[in-house]
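Below is one structure, written out as structure tokens, with a few remarks after it.
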Amino acid sequence: MFSLKTLLIDQAPVACLSIDGKDYSITALCQRVNSPALPDSVLDLLAQWETNLPKLKSLAEQATAHTDLILSEANATLPPVLYPGKILCAGANYYDHLQEMGVPAEKKDQRLFFFSKPARQAAIGDGQCAAIPKNCQKYDWEIELAMVIGKTAKDLTLENAMEHVAGYTIAIDLSARDFARAPEQFYKFDWVAAKANDASCPIGPALIPACFVSDPQDLDLKLELNGQIKQEANTSGMIFDLREQLVRLTEIMTLEPGDIVLTGTPAGVGAARGEFLAPGDQLHAHISGLGTLNTTIA
């Protein structure tokens, strides 16, 4: 098993294989084992994912014989997919989250909907800081399983939807709750002000290829704030499953390799209990088999 990371090395992003907690530059490995060069960008690897995946598997099998290529742990971790074309997010998609917000929680009463975050400005990597937006008093956390697209997708079906997922990672949807509601306006809710803030989407630490995730609808999620568990659930609690989300999204738009889809958050968000983030807070988002994403609030 391996995962993909993007590390900042000598002020440049470098695509890396991560094996048993050790990181290797893909370019350096290709050179060492005399393998044809692979793209030095996870986004470019995803553009030809079906071709590149077996090459990455072969490279990973040879990597551990070259321990001198292991990269320093001091290198900063960027989002695994640097500058994806789109970051799309499913809203209100766990039964227990609807219940804690006082909303009817039967599927027949719900409509699957999405919002987006600006890919370049919102995404930050593992261990990076997320600043509370100016004048925001109610900044909130939401752990989410994120799908990463590996093949151009339009008008998918329930039967073929998952064939277009390259892998999975962890995301935190940081939300400015007090920016969201506009009851005096006809539109009532301001999604951009609530969800599209800079550094509002920590992602990572790595992209786990889908072939290594046996059942993405049975993954444990846990978010800790300063060591206290705030969210603890399983992806089986989704109202609309991953296939249904992809089908609906591709009715709306074309998904492209590298696009990231956040799939909803379970119960335990701050808004439900009147608790919100403050500077210095430490968030640790864990999903079984995918690792832990760490974020400091600035």
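The chains in the structure tokens are called A, B, ... from first to last as shown; in each chain the residues are counted from 1, and the ligands are counted from 1 in the order shown.
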
(message) Could you pull out the strand (DSSP E or B) residues of range 176-210 of chain A, going by DSSP on the backbone, and write them as an NGL selection string?
(response) :A and (176 or 181-182 or 188-189 or 201-209)

Store the residues of this selection in a file with N, CA, C and O atoms, as an mmCIF file, in the first residue's frame.
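Resulting contents of out-v9.cif:
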```cif
data_model
loop_
_atom_site.group_PDB
_atom_site.id
_atom_site.type_symbol
_atom_site.label_atom_id
_atom_site.label_comp_id
_atom_site.auth_asym_id
_atom_site.auth_seq_id
_atom_site.Cartn_x
_atom_site.Cartn_y
_atom_site.Cartn_z
ATOM 1 N N ALA A 176 -17.903 29.758 8.464
ATOM 2 C CA ALA A 176 -18.200 30.999 9.195
ATOM 3 C C ALA A 176 -19.710 31.073 9.409
ATOM 4 O O ALA A 176 -20.439 31.613 8.570
ATOM 5 N N ARG A 181 -26.132 33.420 7.496
ATOM 6 C CA ARG A 181 -27.553 33.746 7.415
ATOM 7 C C ARG A 181 -27.778 35.225 7.103
ATOM 8 O O ARG A 181 -27.097 36.097 7.629
ATOM 9 N N ALA A 182 -28.730 35.452 6.206
ATOM 10 C CA ALA A 182 -29.098 36.812 5.836
ATOM 11 C C ALA A 182 -30.619 36.914 5.830
ATOM 12 O O ALA A 182 -31.253 37.050 4.777
ATOM 13 N N LYS A 188 -31.696 34.809 1.853
ATOM 14 C CA LYS A 188 -31.709 34.180 3.183
ATOM 15 C C LYS A 188 -30.394 33.539 3.632
ATOM 16 O O LYS A 188 -30.132 33.459 4.825
ATOM 17 N N PHE A 189 -29.586 33.029 2.713
ATOM 18 C CA PHE A 189 -28.376 32.310 3.105
ATOM 19 C C PHE A 189 -27.251 32.662 2.148
ATOM 20 O O PHE A 189 -27.413 32.594 0.935
ATOM 21 N N CYS A 201 -10.332 25.103 3.925
ATOM 22 C CA CYS A 201 -10.474 23.699 3.560
ATOM 23 C C CYS A 201 -9.148 22.955 3.707
ATOM 24 O O CYS A 201 -8.495 22.623 2.715
ATOM 25 N N PRO A 202 -8.733 22.664 4.948
ATOM 26 C CA PRO A 202 -7.588 21.763 5.124
ATOM 27 C C PRO A 202 -7.868 20.419 4.457
ATOM 28 O O PRO A 202 -8.966 19.869 4.597
ATOM 29 N N ILE A 203 -6.877 19.900 3.727
ATOM 30 C CA ILE A 203 -7.015 18.634 3.015
ATOM 31 C C ILE A 203 -5.729 17.835 3.181
ATOM 32 O O ILE A 203 -4.640 18.371 3.060
ATOM 33 N N GLY A 204 -5.869 16.525 3.409
ATOM 34 C CA GLY A 204 -4.676 15.689 3.480
ATOM 35 C C GLY A 204 -4.777 14.660 4.600
ATOM 36 O O GLY A 204 -5.858 14.354 5.078
ATOM 37 N N PRO A 205 -3.650 14.149 5.057
ATOM 38 C CA PRO A 205 -2.309 14.501 4.610
ATOM 39 C C PRO A 205 -1.918 13.898 3.281
ATOM 40 O O PRO A 205 -0.970 14.338 2.654
ATOM 41 N N ALA A 206 -2.680 12.872 2.819
ATOM 42 C CA ALA A 206 -2.291 12.150 1.617
ATOM 43 C C ALA A 206 -3.526 11.692 0.866
ATOM 44 O O ALA A 206 -4.639 11.664 1.404
ATOM 45 N N LEU A 207 -3.319 11.352 -0.397
ATOM 46 C CA LEU A 207 -4.357 10.738 -1.218
ATOM 47 C C LEU A 207 -4.134 9.220 -1.176
ATOM 48 O O LEU A 207 -3.073 8.734 -1.569
ATOM 49 N N ILE A 208 -5.136 8.499 -0.695
ATOM 50 C CA ILE A 208 -5.068 7.038 -0.639
ATOM 51 C C ILE A 208 -5.778 6.490 -1.872
ATOM 52 O O ILE A 208 -6.981 6.726 -2.046
ATOM 53 N N PRO A 209 -5.079 5.788 -2.768
ATOM 54 C CA PRO A 209 -5.755 5.240 -3.949
ATOM 55 C C PRO A 209 -6.952 4.371 -3.575
ATOM 56 O O PRO A 209 -6.934 3.651 -2.573
#
```

(message) Can you pull out the residues contacting Glu251 in chain A? Cut-off 7 Å, using only C-alpha atoms, and skip same-chain residues under 4 positions away; I want them as a ChimeraX atom specification.
(response) /A:154-155,247

Write a file of the just-selected residues containing all heavy atoms, as a compact mmCIF listing (two decimals), in the first residue's frame.
```txt
# COMPACT_ATOMS: atom_id res chain seq x y z
N LYS A 154 -19.23 12.61 -16.65
CA LYS A 154 -20.45 13.34 -16.95
C LYS A 154 -21.58 12.34 -17.06
O LYS A 154 -21.44 11.27 -17.68
CB LYS A 154 -20.29 14.12 -18.26
CG LYS A 154 -21.52 14.89 -18.69
CD LYS A 154 -21.89 16.00 -17.70
CE LYS A 154 -23.10 16.80 -18.23
NZ LYS A 154 -23.65 17.68 -17.17
N ASP A 155 -22.71 12.66 -16.43
CA ASP A 155 -23.91 11.81 -16.47
C ASP A 155 -23.61 10.37 -16.06
O ASP A 155 -23.93 9.41 -16.76
CB ASP A 155 -24.54 11.85 -17.88
CG ASP A 155 -25.09 13.22 -18.22
OD1 ASP A 155 -25.58 13.92 -17.31
OD2 ASP A 155 -25.02 13.62 -19.41
N VAL A 247 -23.46 10.85 -9.13
CA VAL A 247 -24.51 10.89 -10.16
C VAL A 247 -25.12 12.28 -10.23
O VAL A 247 -25.26 12.87 -11.32
CB VAL A 247 -25.58 9.82 -9.88
CG1 VAL A 247 -26.82 10.05 -10.76
CG2 VAL A 247 -25.02 8.42 -10.13
```

(request) Identify, on the basis of only C-alpha atoms, every residue whose closest approach to range 273-276 of chain A does not exceed 9 Å; exclude the query and any residue fewer than 6 positions from it along the same chain; express the result as a ChimeraX atom specification. (result) /A:100,137-141

Could the residues in this selection be written to a file with N, CA and C atoms, as a JSON list (two decimals), in the first residue's frame?
```json
[["chain", "number", "residue", "atom", "x", "y", "z"],
["A", 100, "GLU", "N", -29.14, 16.80, 15.00],
["A", 100, "GLU", "CA", -28.61, 17.75, 15.97],
["A", 100, "GLU", "C", -28.97, 19.20, 15.61],
["A", 137, "GLN", "N", -17.10, 35.58, 14.34],
["A", 137, "GLN", "CA", -17.16, 35.18, 15.74],
["A", 137, "GLN", "C", -17.59, 33.73, 15.94],
["A", 138, "LYS", "N", -18.02, 33.09, 14.85],
["A", 138, "LYS", "CA", -18.55, 31.73, 14.97],
["A", 138, "LYS", "C", -17.96, 30.84, 13.89],
["A", 139, "TYR", "N", -16.65, 30.59, 14.02],
["A", 139, "TYR", "CA", -15.96, 29.73, 13.05],
["A", 139, "TYR", "C", -16.06, 28.29, 13.53],
["A", 140, "ASP", "N", -16.47, 27.40, 12.64],
["A", 140, "ASP", "CA", -16.88, 26.05, 13.02],
["A", 140, "ASP", "C", -16.10, 24.99, 12.25],
["A", 141, "TRP", "N", -16.13, 23.77, 12.75],
["A", 141, "TRP", "CA", -15.40, 22.63, 12.18],
["A", 141, "TRP", "C", -16.36, 21.60, 11.62]]
```

(message) My list of candidates is A:Ile170, A:Leu7, A:Leu262, A:Ala199. Which is closest to Leu246 in chain A when distances are computed with only C-alpha atoms?
(response)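 The answer is A:Leu262, which sits nearest to Leu246 in chain A.
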
Neighbours of Val14 in chain A within 7 Å (only C-alpha atoms; same-chain residues fewer than 5 positions away dropped), as a compact mmCIF listing (two decimals) with all heavy atoms, in the first residue's frame?
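The result, stored in part05.txt:
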```
# COMPACT_ATOMS: atom_id res chain seq x y z
N THR A 6 1.99 15.75 -1.60
CA THR A 6 2.73 16.85 -2.21
C THR A 6 3.47 17.56 -1.09
O THR A 6 2.84 18.09 -0.16
CB THR A 6 1.80 17.83 -2.94
OG1 THR A 6 1.09 17.13 -3.97
CG2 THR A 6 2.60 18.96 -3.56
N LEU A 7 4.79 17.53 -1.15
CA LEU A 7 5.62 18.18 -0.15
C LEU A 7 6.28 19.42 -0.73
O LEU A 7 6.54 19.50 -1.94
CB LEU A 7 6.70 17.22 0.36
CG LEU A 7 6.23 15.93 1.04
CD1 LEU A 7 7.42 15.12 1.51
CD2 LEU A 7 5.28 16.22 2.19
N LEU A 8 6.56 20.38 0.13
CA LEU A 8 7.27 21.59 -0.27
C LEU A 8 8.75 21.37 0.01
O LEU A 8 9.18 21.31 1.17
CB LEU A 8 6.75 22.80 0.50
CG LEU A 8 7.31 24.16 0.08
CD1 LEU A 8 6.90 24.49 -1.36
CD2 LEU A 8 6.85 25.25 1.03
N ILE A 9 9.55 21.25 -1.06
CA ILE A 9 10.98 20.98 -0.93
C ILE A 9 11.74 22.05 -1.70
O ILE A 9 11.51 22.25 -2.90
CB ILE A 9 11.32 19.58 -1.46
CG1 ILE A 9 10.52 18.51 -0.68
CG2 ILE A 9 12.82 19.32 -1.35
CD1 ILE A 9 10.71 17.11 -1.22
N SER A 25 10.45 11.13 -3.18
CA SER A 25 10.16 11.87 -4.40
C SER A 25 9.93 10.88 -5.53
O SER A 25 10.75 9.99 -5.78
CB SER A 25 11.32 12.79 -4.74
OG SER A 25 11.28 13.17 -6.10
N ASP A 40 5.75 15.07 -12.07
CA ASP A 40 6.11 15.51 -10.72
C ASP A 40 5.00 16.38 -10.13
O ASP A 40 5.24 17.41 -9.53
CB ASP A 40 7.43 16.29 -10.76
CG ASP A 40 7.99 16.51 -9.35
OD1 ASP A 40 7.65 15.71 -8.45
OD2 ASP A 40 8.73 17.49 -9.15
N SER A 41 3.78 15.95 -10.34
CA SER A 41 2.59 16.64 -9.85
C SER A 41 1.49 15.61 -9.69
O SER A 41 1.21 14.84 -10.62
CB SER A 41 2.16 17.73 -10.85
OG SER A 41 0.80 18.03 -10.73
```

(request) Please indicate the distance in Å from CA of Gln11 in chain A to CA of Gln121 in chain A, rounded to one decimal place. (result)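 It comes out at 18.1 Å.
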
(request) Using only C-alpha atoms, determine which residues lie at most 9 Å from Cys136 in chain A, disregarding the query and same-chain residues fewer than 5 positions distant; provide the list as a list in words. (result) Ala176, Arg177, Asp178 and Phe179 of chain A

File dump, residues just selected, N, CA and C atoms, as a tab-separated table (two decimals), in the first residue's frame:
```tsv
chain	number	residue	atom	x	y	z
A	176	ALA	N	-17.90	29.76	8.46
A	176	ALA	CA	-18.20	31.00	9.20
A	176	ALA	C	-19.71	31.07	9.41
A	177	ARG	N	-20.17	30.52	10.52
A	177	ARG	CA	-21.62	30.40	10.73
A	177	ARG	C	-22.31	31.77	10.80
A	178	ASP	N	-21.64	32.74	11.40
A	178	ASP	CA	-22.29	34.05	11.53
A	178	ASP	C	-22.29	34.84	10.23
A	179	PHE	N	-21.56	34.38	9.23
A	179	PHE	CA	-21.62	35.01	7.91
A	179	PHE	C	-22.70	34.39	7.04
```

(message) Using only C-alpha atoms, which protein or nucleic acid residues come within 10 Å of Gly167 in chain A? Drop anything in the same chain fewer than 5 positions from it, and give the result as a list in words.
(response)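 The contact residues come out as Ser3, Leu4, Leu46, Ala146, Met147, Val148, Ile149, Gly150, Met162, Ala206, Leu207, Ile208, Pro209, Ala210, Cys211, Phe212, Val213, Pro216, Gly258 and Ile260 of chain A.
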
(message) Please report the interatomic distance between CA of Thr152 in chain A and CA of Val261 in chain A in Å with one decimal.
(response)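 Going from CA of Thr152 in chain A over to CA of Val261 in chain A, I get 13.7 Å.
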
(message) Neighbouring residues of Ala161 in chain A were defined as those with any atom within 9 Å, considering only C-alpha atoms; residues of the same chain fewer than 4 positions away were excluded. Please report them as a VMD selection string.
(response) chain A and resid 153 156 to 157 165 242 to 244 246 to 247

(request) Would you mind reading off the distance between CA of Lys117 in chain A and CA of Thr254 in chain A, one decimal, in Å? (result)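 A separation of 16.6 Å between them.
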
(message) Here is a test: counting only C-alpha atoms, which residue of A:Arg248, A:Lys86, A:His66, A:Arg120 is nearest to Arg32 in chain A?
(response)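 The closest residue to Arg32 in chain A is A:His66.
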